[in-house]
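The file input-v9.txt contains compact mmCIF, C-alpha atoms:
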```
# COMPACT_ATOMS: atom_id res chain seq x y z
CA MET A 3 122.10 102.92 88.34
CA SER A 4 120.70 100.19 86.11
CA THR A 5 116.99 99.60 86.22
CA ASP A 6 117.30 96.16 84.62
CA ALA A 7 114.80 94.01 86.54
CA ILE A 8 117.07 90.98 86.83
CA VAL A 9 120.03 93.12 87.92
CA LEU A 10 117.81 94.65 90.64
CA LEU A 11 116.63 91.25 91.85
CA LYS A 12 120.19 89.93 91.95
CA LYS A 13 121.22 93.03 93.93
CA ASP A 14 118.49 92.23 96.46
CA HIS A 15 119.74 88.64 96.60
CA LYS A 16 123.26 89.90 97.41
CA THR A 17 121.93 92.24 100.10
CA VAL A 18 120.05 89.43 101.83
CA GLU A 19 123.03 87.07 101.51
CA GLY A 20 125.15 89.72 103.23
CA LEU A 21 122.63 89.84 106.08
CA PHE A 22 122.67 86.05 106.37
CA LYS A 23 126.47 86.12 106.64
CA GLN A 24 126.31 88.83 109.31
CA PHE A 25 123.87 86.70 111.28
CA GLU A 26 126.08 83.64 110.93
CA LYS A 27 129.10 85.61 112.19
CA ALA A 28 127.30 87.18 115.14
CA GLY A 29 128.29 85.72 118.47
CA GLU A 30 126.18 83.08 120.15
CA ASN A 31 124.93 85.57 122.75
CA ALA A 32 124.72 88.62 120.44
CA TYR A 33 120.96 88.79 120.91
CA GLU A 34 120.47 92.48 120.11
CA GLU A 35 122.59 92.24 116.98
CA LYS A 36 120.79 89.09 115.84
CA ARG A 37 117.40 90.74 116.43
CA ARG A 38 118.47 93.77 114.39
CA ILE A 39 119.77 91.57 111.55
CA ALA A 40 116.63 89.40 111.57
CA ASP A 41 114.48 92.54 111.35
CA SER A 42 116.54 93.73 108.37
CA ILE A 43 116.21 90.31 106.71
CA THR A 44 112.44 90.45 107.21
CA GLU A 45 112.19 93.93 105.70
CA GLU A 46 114.41 93.11 102.71
CA LEU A 47 112.71 89.80 101.93
CA THR A 48 109.21 91.24 102.29
CA ILE A 49 109.94 94.05 99.82
CA HIS A 50 111.73 91.68 97.47
CA ALA A 51 108.94 89.10 97.50
CA TYR A 52 106.36 91.83 96.91
CA ILE A 53 108.01 93.19 93.76
CA GLU A 54 108.62 89.69 92.44
CA GLU A 55 105.07 88.51 93.04
CA GLU A 56 103.29 91.66 91.89
CA ILE A 57 105.47 92.69 88.94
CA PHE A 58 108.28 90.35 87.92
CA TYR A 59 106.64 86.93 88.10
CA PRO A 60 103.54 87.87 86.07
CA ALA A 61 105.72 89.52 83.41
CA ALA A 62 108.12 86.57 83.31
CA ARG A 63 105.27 84.11 82.98
CA GLU A 64 103.77 86.12 80.14
CA ALA A 65 107.09 86.52 78.29
CA VAL A 66 108.23 82.93 78.79
CA PRO A 67 105.22 80.62 79.26
CA GLU A 68 107.63 77.72 79.90
CA THR A 69 108.54 79.37 83.22
CA LYS A 70 105.03 78.76 84.59
CA ASP A 71 106.18 75.88 86.81
CA HIS A 72 109.19 77.88 88.04
CA VAL A 73 106.95 80.80 88.92
CA LEU A 74 104.43 78.60 90.73
CA GLU A 75 107.23 76.89 92.67
CA SER A 76 108.76 80.25 93.54
CA VAL A 77 105.45 81.51 94.93
CA GLU A 78 105.21 78.38 97.09
CA GLU A 79 108.77 78.97 98.30
CA HIS A 80 107.77 82.54 99.16
CA HIS A 81 104.80 81.12 101.07
CA VAL A 82 107.13 79.12 103.33
CA VAL A 83 109.51 82.07 103.75
CA VAL A 84 106.83 84.63 104.67
CA TRP A 85 105.42 82.36 107.35
CA MET A 86 108.91 81.87 108.78
CA LEU A 87 109.44 85.63 108.72
CA SER A 88 106.16 86.17 110.55
CA GLU A 89 107.25 83.70 113.24
CA LEU A 90 110.61 85.43 113.63
CA THR A 91 108.95 88.83 113.95
CA GLY A 92 107.29 87.94 117.23
CA LEU A 93 110.07 85.75 118.60
CA ALA A 94 112.66 86.92 121.11
CA ALA A 95 116.24 86.50 119.93
CA THR A 96 116.87 84.71 123.22
CA ASP A 97 114.30 82.02 122.37
CA GLU A 98 116.01 78.66 121.89
CA THR A 99 114.38 78.28 118.44
CA PHE A 100 115.40 81.71 117.10
CA ASP A 101 118.77 80.73 115.60
CA ALA A 102 117.33 77.49 114.20
CA LYS A 103 114.52 79.39 112.47
CA VAL A 104 116.97 81.82 110.90
CA THR A 105 119.15 78.91 109.76
CA VAL A 106 116.22 77.16 108.06
CA LEU A 107 115.09 80.47 106.54
CA THR A 108 118.61 81.02 105.20
CA GLU A 109 118.73 77.55 103.63
CA ASN A 110 115.34 78.04 101.98
CA VAL A 111 116.19 81.44 100.57
CA ARG A 112 119.59 80.32 99.28
CA HIS A 113 117.92 77.42 97.46
CA HIS A 114 115.31 79.79 95.99
CA VAL A 115 117.97 82.25 94.82
CA ASP A 116 120.03 79.52 93.17
CA GLU A 117 117.02 78.26 91.23
CA GLU A 118 116.03 81.73 90.07
CA GLU A 119 119.49 82.87 89.06
CA ASP A 120 120.65 79.60 87.49
CA ASP A 121 117.51 78.02 86.11
CA TRP A 122 115.16 80.66 84.83
CA PHE A 123 116.49 84.22 84.94
CA PRO A 124 118.57 83.47 81.80
CA GLN A 125 115.40 82.34 79.97
CA VAL A 126 113.56 85.48 81.03
CA ARG A 127 116.47 87.73 80.00
CA ALA A 128 116.64 86.13 76.55
CA ALA A 129 112.88 86.45 76.00
CA MET A 130 112.36 89.98 77.30
CA GLY A 131 115.38 91.84 76.10
CA ARG A 132 117.08 94.87 77.57
CA LYS A 133 114.41 97.52 77.00
CA ARG A 134 111.58 95.47 78.54
CA LEU A 135 113.74 94.49 81.52
CA GLN A 136 114.55 98.16 82.12
CA GLU A 137 110.86 99.12 81.97
CA LEU A 138 110.04 96.32 84.36
CA GLY A 139 112.89 97.32 86.66
CA GLN A 140 111.57 100.87 86.86
CA GLN A 141 108.12 99.54 87.77
CA MET A 142 109.76 97.43 90.49
CA LEU A 143 111.69 100.40 91.88
CA ASP A 144 108.52 102.47 91.95
CA ALA A 145 106.63 99.66 93.75
CA ARG A 146 109.17 99.21 96.56
CA GLY A 147 107.55 101.97 98.61
CA ARG A 148 104.14 100.27 98.34
CA ALA A 149 105.40 96.96 99.70
CA PRO A 150 103.73 95.87 102.95
CA LYS A 151 105.77 95.79 106.14
CA ASP A 152 104.03 92.64 107.36
CA PRO A 153 105.13 89.56 105.40
CA LEU A 154 101.69 88.02 105.94
CA LYS A 155 100.21 90.80 103.77
CA LEU A 156 102.01 89.38 100.71
CA SER A 157 99.88 87.50 98.22
CA SER A 158 102.05 84.38 98.70
CA ALA A 159 101.09 84.25 102.38
CA THR A 160 97.72 82.85 101.37
CA ALA A 161 98.86 80.97 98.25
```
For this file, produce the structure as structure tokens.
Amino acid sequence: MSTDAIVLLKKDHKTVEGLFKQFEKAGENAYEEKRRIADSITEELTIHAYIEEEIFYPAAREAVPETKDHVLESVEEHHVVVWMLSELTGLAATDETFDAKVTVLTENVRHHVDEEEDDWFPQVRAAMGRKRLQELGQQMLDARGRAPKDPLKLSSATA
């Protein structure tokens, strides 16, 4: 398995996109299934945001100073997402706002992913090179187990 940091982040993006699609396909009254999927989305996004904020973003900003604005915007996008995740955590799937919150979350994350993958991952890849991205990827893999379970424990929650 590749430890390339960008490959790992894109893999996480695909995992979350798959969960979004499952949620979108779940029946209108599939409350238990939607709750389970929303919990998986929360877990995946919390871990992903943690490794980006603690490891990838600082390294990207150091390697490519021009990405400073992208990194700052990404942290602000994480801020919005983690608060939405925290609201979903305590919300019953039968609540009339549950599906709407997941829809808005999905739209926000898809926008964030598009910007990362299209706008600045290529710059970071060019600046860092394969060896550095593999080192960074290994650090990210090692950090996954240290990620908080509560999205409000992420540094972006208070950004």
Spatial neighbours of His72 in chain A, 12 Å, all atoms listed in the file, chain gap at least 5 places, as a PDB file with C-alpha atoms, in the coordinates of the input:
```
ATOM      1  CA  TYR A  59     106.640  86.930  88.100  1.00  0.00           C
ATOM      2  CA  PRO A  60     103.540  87.870  86.070  1.00  0.00           C
ATOM      3  CA  ALA A  62     108.120  86.570  83.310  1.00  0.00           C
ATOM      4  CA  ARG A  63     105.270  84.110  82.980  1.00  0.00           C
ATOM      5  CA  VAL A  66     108.230  82.930  78.790  1.00  0.00           C
ATOM      6  CA  PRO A  67     105.220  80.620  79.260  1.00  0.00           C
ATOM      7  CA  VAL A  77     105.450  81.510  94.930  1.00  0.00           C
ATOM      8  CA  GLU A  78     105.210  78.380  97.090  1.00  0.00           C
ATOM      9  CA  GLU A  79     108.770  78.970  98.300  1.00  0.00           C
ATOM     10  CA  HIS A 114     115.310  79.790  95.990  1.00  0.00           C
ATOM     11  CA  VAL A 115     117.970  82.250  94.820  1.00  0.00           C
ATOM     12  CA  GLU A 117     117.020  78.260  91.230  1.00  0.00           C
ATOM     13  CA  GLU A 118     116.030  81.730  90.070  1.00  0.00           C
ATOM     14  CA  GLU A 119     119.490  82.870  89.060  1.00  0.00           C
ATOM     15  CA  ASP A 120     120.650  79.600  87.490  1.00  0.00           C
ATOM     16  CA  ASP A 121     117.510  78.020  86.110  1.00  0.00           C
ATOM     17  CA  TRP A 122     115.160  80.660  84.830  1.00  0.00           C
ATOM     18  CA  PHE A 123     116.490  84.220  84.940  1.00  0.00           C
ATOM     19  CA  GLN A 125     115.400  82.340  79.970  1.00  0.00           C
ATOM     20  CA  VAL A 126     113.560  85.480  81.030  1.00  0.00           C
TER      21      VAL A 126
END
```
Selection near Leu143 in chain A, 12 Å with all atoms listed in the file, sequence-local residues under 6 positions removed, as a list in words
Met3, Ser4, Thr5, Asp6, Ala7, Ile8, Val9, Leu10, Leu11, Asp14, Ile49, His50, Tyr52, Ile53, Glu54, Ile57, Phe58, Gln136, Glu137 and Ala149 of chain A
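Using all atoms listed in the file for every distance, the candidate list A:Glu26, A:Glu19, A:Glu89, A:Glu35 yields A:Glu26 as the residue closest to Thr105 in chain A.
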Please determine the residues with any atom at most 7 Å from (109.4, 97.7, 101.8) (coordinates as given in the file, with all atoms listed in the file counting) and report them as a PDB file with C-alpha atoms, in the coordinates of the input.
```
ATOM      1  CA  GLU A  45     112.190  93.930 105.700  1.00  0.00           C
ATOM      2  CA  GLU A  46     114.410  93.110 102.710  1.00  0.00           C
ATOM      3  CA  THR A  48     109.210  91.240 102.290  1.00  0.00           C
ATOM      4  CA  ILE A  49     109.940  94.050  99.820  1.00  0.00           C
ATOM      5  CA  ARG A 146     109.170  99.210  96.560  1.00  0.00           C
ATOM      6  CA  GLY A 147     107.550 101.970  98.610  1.00  0.00           C
ATOM      7  CA  ARG A 148     104.140 100.270  98.340  1.00  0.00           C
ATOM      8  CA  ALA A 149     105.400  96.960  99.700  1.00  0.00           C
ATOM      9  CA  PRO A 150     103.730  95.870 102.950  1.00  0.00           C
ATOM     10  CA  LYS A 151     105.770  95.790 106.140  1.00  0.00           C
TER      11      LYS A 151
END
```
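CA of Thr91 in chain A sits 15.0 Å away from CA of Leu156 in chain A.
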In terms of the shortest atom-to-atom distance over all atoms listed in the file, which of A:Thr160, A:Arg127, A:Leu135, A:Met142 is closest to Thr69 in chain A?
A:Arg127
Residue nearest Ala32 in chain A among A:Glu68, A:Asp116, A:Glu56, A:Asp101 (counting all atoms listed in the file):
A:Asp101
Test item: residues at most 10 Å from Gln24 in chain A, all atoms listed in the file, excluding those fewer than 6 positions along its chain, as a ChimeraX atom specification:
/A:18,35-36,39-40
Just-selected residues, C-alpha atoms written as a tab-separated table (two decimals), keeping the file's coordinate frame:
```
chain	number	residue	atom	x	y	z
A	18	VAL	CA	120.05	89.43	101.83
A	35	GLU	CA	122.59	92.24	116.98
A	36	LYS	CA	120.79	89.09	115.84
A	39	ILE	CA	119.77	91.57	111.55
A	40	ALA	CA	116.63	89.40	111.57
```
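Between Lys155 in chain A and the candidates A:Lys23, A:Gly29, A:Trp85, A:Lys16, the tightest atom-to-atom separation, counting all atoms listed in the file, involves A:Trp85.
Here CA of Val104 in chain A is placed at a distance of 26.8 Å from CA of Ala145 in chain A.
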Which is closer to Glu30 in chain A than all the others in A:Leu93, A:Glu98, A:Val82, A:Val111, using all atoms listed in the file?
A:Glu98
